[in-house]
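run34.json follows; it contains JSON, C-alpha atoms.
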```json
[["chain", "number", "residue", "atom", "x", "y", "z"],
["I", 1, "MET", "CA", 16.52, -10.70, -12.54],
["I", 2, "LEU", "CA", 13.62, -11.10, -14.90],
["I", 3, "ALA", "CA", 14.31, -12.99, -18.12],
["I", 4, "PRO", "CA", 14.41, -10.20, -20.78],
["I", 5, "ASP", "CA", 12.36, -12.11, -23.39],
["I", 6, "SER", "CA", 9.42, -12.40, -20.99],
["I", 7, "VAL", "CA", 8.47, -8.72, -21.37],
["I", 8, "GLY", "CA", 5.46, -8.40, -23.65],
["I", 9, "ARG", "CA", 4.38, -11.99, -23.16],
["I", 10, "THR", "CA", 0.79, -12.83, -22.25],
["I", 11, "PHE", "CA", 0.06, -15.91, -20.20],
["I", 12, "ALA", "CA", -3.36, -17.51, -20.34],
["I", 13, "GLY", "CA", -4.74, -18.75, -17.06],
["I", 14, "ALA", "CA", -5.02, -22.52, -16.97],
["I", 15, "ASP", "CA", -8.61, -22.92, -15.89],
["I", 16, "SER", "CA", -11.65, -20.84, -15.21],
["I", 17, "ILE", "CA", -12.09, -19.74, -11.61],
["I", 18, "SER", "CA", -15.48, -19.96, -9.92],
["I", 19, "ILE", "CA", -16.42, -17.08, -7.63],
["I", 20, "THR", "CA", -18.30, -18.16, -4.51],
["I", 21, "GLN", "CA", -20.64, -16.16, -2.31],
["I", 22, "SER", "CA", -18.62, -17.07, 0.77],
["I", 23, "GLU", "CA", -15.44, -15.56, -0.74],
["I", 24, "ILE", "CA", -17.28, -12.33, -1.53],
["I", 25, "ASP", "CA", -18.88, -12.31, 1.94],
["I", 26, "ALA", "CA", -15.51, -12.74, 3.68],
["I", 27, "PHE", "CA", -13.88, -9.94, 1.67],
["I", 28, "ALA", "CA", -16.86, -7.61, 2.16],
["I", 29, "ALA", "CA", -16.94, -8.29, 5.91],
["I", 30, "VAL", "CA", -13.37, -7.02, 6.34],
["I", 31, "ILE", "CA", -14.27, -3.61, 4.93],
["I", 32, "GLY", "CA", -17.73, -3.42, 6.51],
["I", 33, "GLU", "CA", -19.70, -3.87, 3.29],
["I", 34, "THR", "CA", -23.06, -5.53, 3.93],
["I", 35, "ASP", "CA", -24.36, -5.63, 0.33],
["I", 36, "THR", "CA", -22.69, -8.70, -1.15],
["I", 37, "SER", "CA", -24.83, -8.97, -4.27],
["I", 38, "VAL", "CA", -21.73, -7.90, -6.20],
["I", 39, "ALA", "CA", -18.07, -8.11, -5.17],
["I", 40, "PRO", "CA", -16.27, -5.02, -3.82],
["I", 41, "PRO", "CA", -14.24, -3.25, -6.55],
["I", 42, "THR", "CA", -10.85, -4.58, -5.42],
["I", 43, "PHE", "CA", -12.02, -8.16, -4.77],
["I", 44, "THR", "CA", -10.39, -9.63, -7.88],
["I", 45, "ILE", "CA", -6.90, -8.68, -6.70],
["I", 46, "ARG", "CA", -6.75, -12.11, -5.06],
["I", 47, "ILE", "CA", -7.17, -13.79, -8.45],
["I", 48, "SER", "CA", -4.74, -11.48, -10.24],
["I", 49, "LEU", "CA", -1.98, -11.65, -7.61],
["I", 50, "ASP", "CA", -2.21, -15.43, -7.47],
["I", 51, "GLN", "CA", -1.73, -15.61, -11.18],
["I", 52, "PHE", "CA", 1.09, -13.05, -11.23],
["I", 53, "GLN", "CA", 2.88, -15.07, -8.57],
["I", 54, "SER", "CA", 2.55, -18.35, -10.44],
["I", 55, "ILE", "CA", 3.78, -16.77, -13.69],
["I", 56, "LEU", "CA", 6.54, -14.51, -12.42],
["I", 57, "THR", "CA", 8.12, -17.14, -10.19],
["I", 58, "LYS", "CA", 8.40, -19.74, -12.98],
["I", 59, "PRO", "CA", 12.06, -20.78, -13.27],
["I", 60, "GLU", "CA", 12.36, -19.36, -16.81],
["I", 61, "ILE", "CA", 11.12, -15.92, -15.64],
["I", 62, "GLY", "CA", 12.70, -15.90, -12.25],
["I", 63, "LEU", "CA", 11.27, -13.15, -10.02],
["I", 64, "ASP", "CA", 12.02, -13.38, -6.28],
["I", 65, "TRP", "CA", 8.51, -13.14, -4.82],
["I", 66, "SER", "CA", 9.79, -13.10, -1.22],
["I", 67, "ARG", "CA", 11.24, -9.59, -1.68],
["I", 68, "LEU", "CA", 8.23, -8.16, -3.41],
["I", 69, "VAL", "CA", 6.24, -5.06, -2.49],
["I", 70, "HIS", "CA", 3.22, -3.60, -4.24],
["I", 71, "GLY", "CA", 3.99, -0.23, -5.83],
["I", 72, "ASP", "CA", 0.69, 0.73, -7.36],
["I", 73, "GLN", "CA", -2.60, -0.71, -8.50],
["I", 74, "LYS", "CA", -5.34, 0.30, -10.92],
["I", 75, "PHE", "CA", -8.64, -1.31, -11.90],
["I", 76, "GLU", "CA", -10.96, -0.73, -14.84],
["I", 77, "ILE", "CA", -14.26, -2.42, -14.16],
["I", 78, "PHE", "CA", -16.58, -3.01, -17.11],
["I", 79, "ALA", "CA", -18.98, -5.22, -15.17],
["I", 80, "PRO", "CA", -18.92, -6.15, -11.48],
["I", 81, "ILE", "CA", -18.14, -9.69, -10.34],
["I", 82, "LYS", "CA", -20.93, -11.72, -8.71],
["I", 83, "ALA", "CA", -21.14, -15.05, -6.93],
["I", 84, "GLY", "CA", -21.51, -17.87, -9.44],
["I", 85, "ASP", "CA", -19.35, -16.12, -12.05],
["I", 86, "SER", "CA", -16.76, -18.21, -13.78],
["I", 87, "VAL", "CA", -13.80, -16.10, -14.89],
["I", 88, "ARG", "CA", -10.63, -16.69, -16.84],
["I", 89, "CYS", "CA", -7.56, -14.60, -16.11],
["I", 90, "SER", "CA", -4.76, -13.79, -18.51],
["I", 91, "ALA", "CA", -1.69, -11.90, -17.43],
["I", 92, "THR", "CA", 0.70, -9.79, -19.50],
["I", 93, "ILE", "CA", 4.15, -8.62, -18.44],
["I", 94, "GLU", "CA", 4.05, -5.04, -19.79],
["I", 95, "SER", "CA", 7.39, -3.65, -18.69],
["I", 96, "TYR", "CA", 10.46, -4.31, -16.60],
["I", 97, "ARG", "CA", 13.22, -2.04, -15.41],
["I", 98, "VAL", "CA", 15.84, -1.84, -12.70],
["I", 99, "ALA", "CA", 16.24, 1.36, -10.68],
["I", 100, "ALA", "CA", 18.68, 1.71, -7.79],
["I", 101, "GLY", "CA", 18.90, -2.07, -7.65],
["I", 102, "ASN", "CA", 15.14, -2.49, -7.32],
["I", 103, "GLU", "CA", 13.41, -4.52, -10.02],
["I", 104, "ILE", "CA", 10.18, -2.89, -11.16],
["I", 105, "VAL", "CA", 7.69, -5.03, -13.08],
["I", 106, "SER", "CA", 4.40, -3.80, -14.53],
["I", 107, "VAL", "CA", 1.82, -6.49, -15.14],
["I", 108, "ARG", "CA", -1.72, -6.41, -16.50],
["I", 109, "SER", "CA", -4.48, -8.83, -15.64],
["I", 110, "ASP", "CA", -7.51, -9.31, -17.88],
["I", 111, "LEU", "CA", -10.49, -11.14, -16.44],
["I", 112, "HIS", "CA", -13.02, -12.56, -18.89],
["I", 113, "ARG", "CA", -16.45, -13.93, -18.13],
["I", 114, "GLY", "CA", -17.37, -15.96, -21.19],
["I", 115, "GLU", "CA", -16.34, -13.76, -24.15],
["I", 116, "ASP", "CA", -16.66, -10.54, -22.18],
["I", 117, "LEU", "CA", -13.76, -8.64, -20.66],
["I", 118, "VAL", "CA", -15.11, -7.70, -17.22],
["I", 119, "ILE", "CA", -12.09, -6.30, -15.35],
["I", 120, "SER", "CA", -8.63, -5.17, -16.42],
["I", 121, "SER", "CA", -6.15, -4.31, -13.74],
["I", 122, "TRP", "CA", -2.57, -3.07, -13.66],
["I", 123, "SER", "CA", -0.09, -3.76, -10.89],
["I", 124, "THR", "CA", 3.39, -2.41, -10.40],
["I", 125, "LEU", "CA", 5.40, -4.88, -8.36],
["I", 126, "VAL", "CA", 8.77, -3.99, -6.92],
["I", 127, "VAL", "CA", 11.41, -6.53, -5.92],
["I", 128, "ARG", "CA", 13.52, -4.67, -3.39],
["I", 129, "ALA", "CA", 17.29, -4.71, -3.75],
["O", 1, "MET", "CA", -25.57, 19.28, -6.73],
["O", 2, "ILE", "CA", -22.26, 17.61, -7.49],
["O", 3, "SER", "CA", -19.72, 19.65, -9.38],
["O", 4, "VAL", "CA", -15.97, 20.03, -9.65],
["O", 5, "GLY", "CA", -14.71, 20.98, -6.21],
["O", 6, "THR", "CA", -17.47, 19.22, -4.26],
["O", 7, "ALA", "CA", -15.90, 17.73, -1.14],
["O", 8, "LEU", "CA", -17.01, 14.38, 0.24],
["O", 9, "PRO", "CA", -17.38, 14.08, 4.02],
["O", 10, "GLU", "CA", -14.28, 12.93, 5.87],
["O", 11, "LYS", "CA", -14.28, 9.41, 7.28],
["O", 12, "ILE", "CA", -11.93, 7.79, 9.78],
["O", 13, "VAL", "CA", -11.61, 4.03, 9.94],
["O", 14, "TYR", "CA", -9.37, 2.16, 12.36],
["O", 15, "LEU", "CA", -7.03, -0.72, 11.61],
["O", 16, "ASP", "CA", -5.66, -3.24, 14.07],
["O", 17, "ARG", "CA", -3.82, -6.55, 13.87],
["O", 18, "ALA", "CA", -7.10, -8.49, 13.90],
["O", 19, "LEU", "CA", -8.27, -6.61, 10.78],
["O", 20, "LEU", "CA", -4.97, -7.39, 9.03],
["O", 21, "LYS", "CA", -5.43, -11.10, 9.84],
["O", 22, "ALA", "CA", -9.01, -10.99, 8.57],
["O", 23, "TYR", "CA", -7.86, -9.34, 5.33],
["O", 24, "ALA", "CA", -5.04, -11.87, 4.93],
["O", 25, "ASP", "CA", -7.56, -14.70, 5.19],
["O", 26, "ALA", "CA", -10.13, -13.04, 2.92],
["O", 27, "SER", "CA", -7.61, -12.03, 0.25],
["O", 28, "GLY", "CA", -5.24, -14.98, 0.41],
["O", 29, "ASP", "CA", -2.28, -12.62, 0.96],
["O", 30, "GLN", "CA", -0.51, -14.26, 3.91],
["O", 31, "ASN", "CA", 2.76, -12.34, 3.53],
["O", 32, "PRO", "CA", 4.18, -12.33, 7.10],
["O", 33, "ILE", "CA", 5.10, -8.61, 6.95],
["O", 34, "HIS", "CA", 1.37, -8.04, 7.62],
["O", 35, "GLN", "CA", 1.17, -10.35, 10.65],
["O", 36, "SER", "CA", 4.55, -10.97, 12.29],
["O", 37, "GLU", "CA", 6.44, -8.16, 13.98],
["O", 38, "GLU", "CA", 9.59, -10.28, 14.15],
["O", 39, "PHE", "CA", 9.47, -10.95, 10.42],
["O", 40, "ALA", "CA", 8.63, -7.33, 9.56],
["O", 41, "LEU", "CA", 11.61, -6.05, 11.57],
["O", 42, "SER", "CA", 13.89, -8.67, 9.98],
["O", 43, "VAL", "CA", 13.21, -7.24, 6.51],
["O", 44, "GLY", "CA", 13.82, -3.67, 7.61],
["O", 45, "LEU", "CA", 10.27, -2.47, 8.24],
["O", 46, "PRO", "CA", 9.49, -0.35, 11.32],
["O", 47, "ASN", "CA", 6.73, -2.76, 12.44],
["O", 48, "VAL", "CA", 3.88, -4.81, 10.99],
["O", 49, "ILE", "CA", 2.33, -2.90, 8.07],
["O", 50, "ALA", "CA", -1.14, -3.12, 6.57],
["O", 51, "HIS", "CA", -1.57, -4.66, 3.12],
["O", 52, "GLY", "CA", -1.63, -1.81, 0.60],
["O", 53, "MET", "CA", -4.63, -3.55, -0.91],
["O", 54, "LEU", "CA", -6.41, -3.46, 2.48],
["O", 55, "THR", "CA", -5.93, 0.30, 2.59],
["O", 56, "MET", "CA", -7.19, 0.50, -0.98],
["O", 57, "ALA", "CA", -10.20, -1.72, -0.17],
["O", 58, "LEU", "CA", -11.13, 0.53, 2.78],
["O", 59, "VAL", "CA", -10.80, 3.65, 0.63],
["O", 60, "GLY", "CA", -12.94, 1.87, -1.97],
["O", 61, "LYS", "CA", -15.62, 1.32, 0.67],
["O", 62, "TYR", "CA", -15.51, 5.03, 1.47],
["O", 63, "VAL", "CA", -16.10, 5.87, -2.20],
["O", 64, "THR", "CA", -18.88, 3.33, -2.71],
["O", 65, "ASP", "CA", -20.72, 4.46, 0.46],
["O", 66, "TRP", "CA", -21.01, 7.81, -1.28],
["O", 67, "SER", "CA", -21.54, 6.67, -4.86],
["O", 68, "GLY", "CA", -24.12, 3.95, -4.31],
["O", 69, "GLY", "CA", -22.43, 0.61, -3.71],
["O", 70, "SER", "CA", -19.79, -1.70, -5.16],
["O", 71, "ALA", "CA", -21.32, -1.76, -8.64],
["O", 72, "SER", "CA", -20.86, 2.02, -9.07],
["O", 73, "VAL", "CA", -17.06, 1.94, -9.52],
["O", 74, "LYS", "CA", -15.68, 2.09, -13.07],
["O", 75, "GLU", "CA", -12.02, 2.91, -12.36],
["O", 76, "PHE", "CA", -9.98, 2.91, -9.19],
["O", 77, "GLY", "CA", -6.25, 3.38, -8.83],
["O", 78, "ALA", "CA", -3.61, 4.35, -6.28],
["O", 79, "ARG", "CA", 0.11, 4.33, -5.52],
["O", 80, "PHE", "CA", 1.27, 2.90, -2.23],
["O", 81, "ILE", "CA", 3.67, 5.65, -1.16],
["O", 82, "LYS", "CA", 3.98, 5.00, 2.61],
["O", 83, "PRO", "CA", 2.99, 2.02, 4.73],
["O", 84, "VAL", "CA", 0.20, 2.05, 7.31],
["O", 85, "ILE", "CA", 2.08, 0.92, 10.42],
["O", 86, "VAL", "CA", 0.04, -1.22, 12.81],
["O", 87, "PRO", "CA", 1.72, -1.85, 16.20],
["O", 88, "ALA", "CA", 0.41, -4.67, 18.42],
["O", 89, "GLY", "CA", -2.48, -3.71, 20.68],
["O", 90, "GLU", "CA", -3.13, -0.42, 18.89],
["O", 91, "LYS", "CA", -5.82, 0.89, 16.62],
["O", 92, "VAL", "CA", -4.36, 3.18, 13.97],
["O", 93, "ASP", "CA", -6.38, 5.63, 11.94],
["O", 94, "LEU", "CA", -6.96, 5.74, 8.23],
["O", 95, "THR", "CA", -8.39, 9.19, 7.55],
["O", 96, "ILE", "CA", -10.00, 9.57, 4.14],
["O", 97, "ASN", "CA", -11.13, 12.64, 2.21],
["O", 98, "ALA", "CA", -12.13, 13.17, -1.39],
["O", 99, "THR", "CA", -12.90, 15.94, -3.84],
["O", 100, "VAL", "CA", -14.73, 15.78, -7.15],
["O", 101, "ILE", "CA", -12.26, 16.69, -9.93],
["O", 102, "GLU", "CA", -14.25, 15.88, -13.10],
["O", 103, "VAL", "CA", -17.88, 15.46, -14.07],
["O", 104, "ASN", "CA", -18.51, 13.88, -17.51],
["O", 105, "GLY", "CA", -22.21, 13.20, -17.86],
["O", 106, "ALA", "CA", -22.98, 10.48, -15.35],
["O", 107, "GLU", "CA", -19.32, 9.76, -14.66],
["O", 108, "ILE", "CA", -17.73, 11.45, -11.67],
["O", 109, "LYS", "CA", -14.00, 11.39, -10.97],
["O", 110, "VAL", "CA", -12.83, 11.91, -7.41],
["O", 111, "ASP", "CA", -9.37, 12.60, -6.04],
["O", 112, "LEU", "CA", -8.80, 10.66, -2.81],
["O", 113, "VAL", "CA", -6.53, 11.54, 0.09],
["O", 114, "ALA", "CA", -5.72, 8.90, 2.69],
["O", 115, "THR", "CA", -3.50, 9.50, 5.71],
["O", 116, "SER", "CA", -2.50, 7.45, 8.74],
["O", 117, "ALA", "CA", -0.95, 9.07, 11.83],
["O", 118, "GLY", "CA", -0.80, 12.26, 9.76],
["O", 119, "VAL", "CA", 1.24, 10.68, 6.94],
["O", 120, "LYS", "CA", -0.12, 10.45, 3.41],
["O", 121, "VAL", "CA", -0.18, 6.75, 2.51],
["O", 122, "LEU", "CA", -1.67, 6.76, -1.00],
["O", 123, "GLY", "CA", -0.55, 8.82, -3.98],
["O", 124, "MET", "CA", -2.41, 9.53, -7.22],
["O", 125, "ALA", "CA", -5.49, 7.93, -5.66],
["O", 126, "LYS", "CA", -8.47, 8.42, -7.94],
["O", 127, "ALA", "CA", -11.75, 6.74, -8.69],
["O", 128, "VAL", "CA", -14.33, 7.11, -11.45],
["O", 129, "VAL", "CA", -17.87, 6.28, -10.40],
["O", 130, "ILE", "CA", -21.37, 6.45, -11.77],
["O", 131, "LYS", "CA", -23.31, 7.77, -8.81],
["O", 132, "ILE", "CA", -26.44, 5.70, -8.24]]
```

Once you've parsed the file, please lay out its structure as structure tokens.
Amino acid sequence: MLAPDSVGRTFAGADSISITQSEIDAFAAVIGETDTSVAPPTFTIRISLDQFQSILTKPEIGLDWSRLVHGDQKFEIFAPIKAGDSVRCSATIESYRVAAGNEIVSVRSDLHRGEDLVISSWSTLVVRA
Amino acid sequence: MISVGTALPEKIVYLDRALLKAYADASGDQNPIHQSEEFALSVGLPNVIAHGMLTMALVGKYVTDWSGGSASVKEFGARFIKPVIVPAGEKVDLTINATVIEVNGAEIKVDLVATSAGVKVLGMAKAVVIKI
């Protein structure tokens, strides 16, 4: 059960995250992309999901990550990510509801490079009953 | 000439357990439902399933092959409505089609359809690209 007062809260990421060429290369290789001058459009999910996990499993928020499935995902990309970028990620819990015993959490991730918002993404995460 | 109704060519990609392991390592998502049959069955799944985000990444590659590379995508979203089931020792298909549904200046919106073993696996799958 998610703590009710956590809905609407935004959590700043602790530190900036450096994007390496080898991380982009590994992700691109899985999908057969040979141009690794920019990251594939869904590459930043690894950053966002990491941060969602660290926030949502805090004791005061209390989501059970082990029963989690991904319901939907959306990206808005204002500028692609490249190797050498340093990004900061903030996460916002946008909504929470329970349906048929399943907990449904909508979270937004905003990735900034310097002052610029480069990627916003929305994830619906479902903790199965 | 691209206009509303233009169909993109169909593409079939194949997933196997090795690809799921490679995606787990590349994405950091080591959830055992994507690697261990025993674990997947223990939580009520029919078998090992692909990461929804792997399916989405492969559909993204399909779009960017058409639109001109990774930098061409402005928006990309999908619902994960059914799992892609990946039994041991098998290659399972991911069959992808798309149709142009909006053209706004340089921006093109496509509706994406992805099936595996004849079952639709993504819902509301759409991308907005600037074709390069």

Expected answer as a list in words: chain O residues within 8 Å of chain I, all atoms listed in the file =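 The selection requested is Leu19, Ala22, Tyr23, Ala26, Ser27, Gly28, Asp29, Gly52, Met53, Met56, Ala57, Leu58, Gly60, Lys61, Gly69, Ser70, Ala71, Val73, Lys74, Glu75, Phe76, Gly77, Ala78, Arg79, Phe80 and Ile81 of chain O.
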
Of the residues O:Gly118, O:Pro32, O:Pro9, O:Gly44, which is the one nearest to Val84 in chain O, using all atoms listed in the file?
-> O:Gly118

Considering all atoms listed in the file, state which residue in the set I:Asp15, I:Asp5, I:Glu94, I:Asp85 is at the smallest distance from Ile61 in chain I.
->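 When distances to Ile61 in chain I are compared using all atoms listed in the file, the smallest one comes from I:Asp5.
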
Might you pull out every residue within 9 Å of Gln51 in chain I, with all atoms listed in the file counted and same-chain residues fewer than 5 positions away left off, and present them as a VMD selection string?
-> chain I and resid 13 46 56 89 to 91 109

Could the residues in this selection be saved with C-alpha atoms as a tab-separated table (two decimals), in the coordinates of the input?
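Here's the written file result.tsv:
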```
chain	number	residue	atom	x	y	z
I	13	GLY	CA	-4.74	-18.75	-17.06
I	46	ARG	CA	-6.75	-12.11	-5.06
I	56	LEU	CA	6.54	-14.51	-12.42
I	89	CYS	CA	-7.56	-14.60	-16.11
I	90	SER	CA	-4.76	-13.79	-18.51
I	91	ALA	CA	-1.69	-11.90	-17.43
I	109	SER	CA	-4.48	-8.83	-15.64
```

To one decimal place, how far is CA of Ala114 in chain O from CA of Val13 in chain O in Å?
->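 CA of Val13 in chain O lies 10.5 Å from CA of Ala114 in chain O.
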
How many Å separate CA of Thr92 in chain I from CA of Val121 in chain O?
-> 27.5 Å

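Distance-wise, CA of His112 in chain I and CA of Asp25 in chain O end up 24.8 Å apart.
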
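Closest approach to Arg97 in chain I from the set I:Leu125, I:Glu115, I:Trp65, I:Pro59 is made by I:Leu125, with distances taken over all atoms listed in the file.
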
Extending 3 Å beyond the listed atoms of range 71-81 of chain O on each side, what axis-aligned box results? I want centre and edge lengths in Å to one decimal, as JSON.
```
{"center_x": -8.8, "center_y": 1.9, "center_z": -7.1, "size_x": 31.0, "size_y": 13.4, "size_z": 17.9}
```

Counting only C-alpha atoms, the residue of I:Ser86, I:Gln53, I:Ser48, I:Ser6 that sits nearest Thr20 in chain I =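 So, comparing all the options, the nearest one is I:Ser86.
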
Counting all atoms listed in the file, the residue of O:Val119, O:Met1, O:Ile108, O:Ala88 that sits nearest Ser67 in chain O | O:Ile108
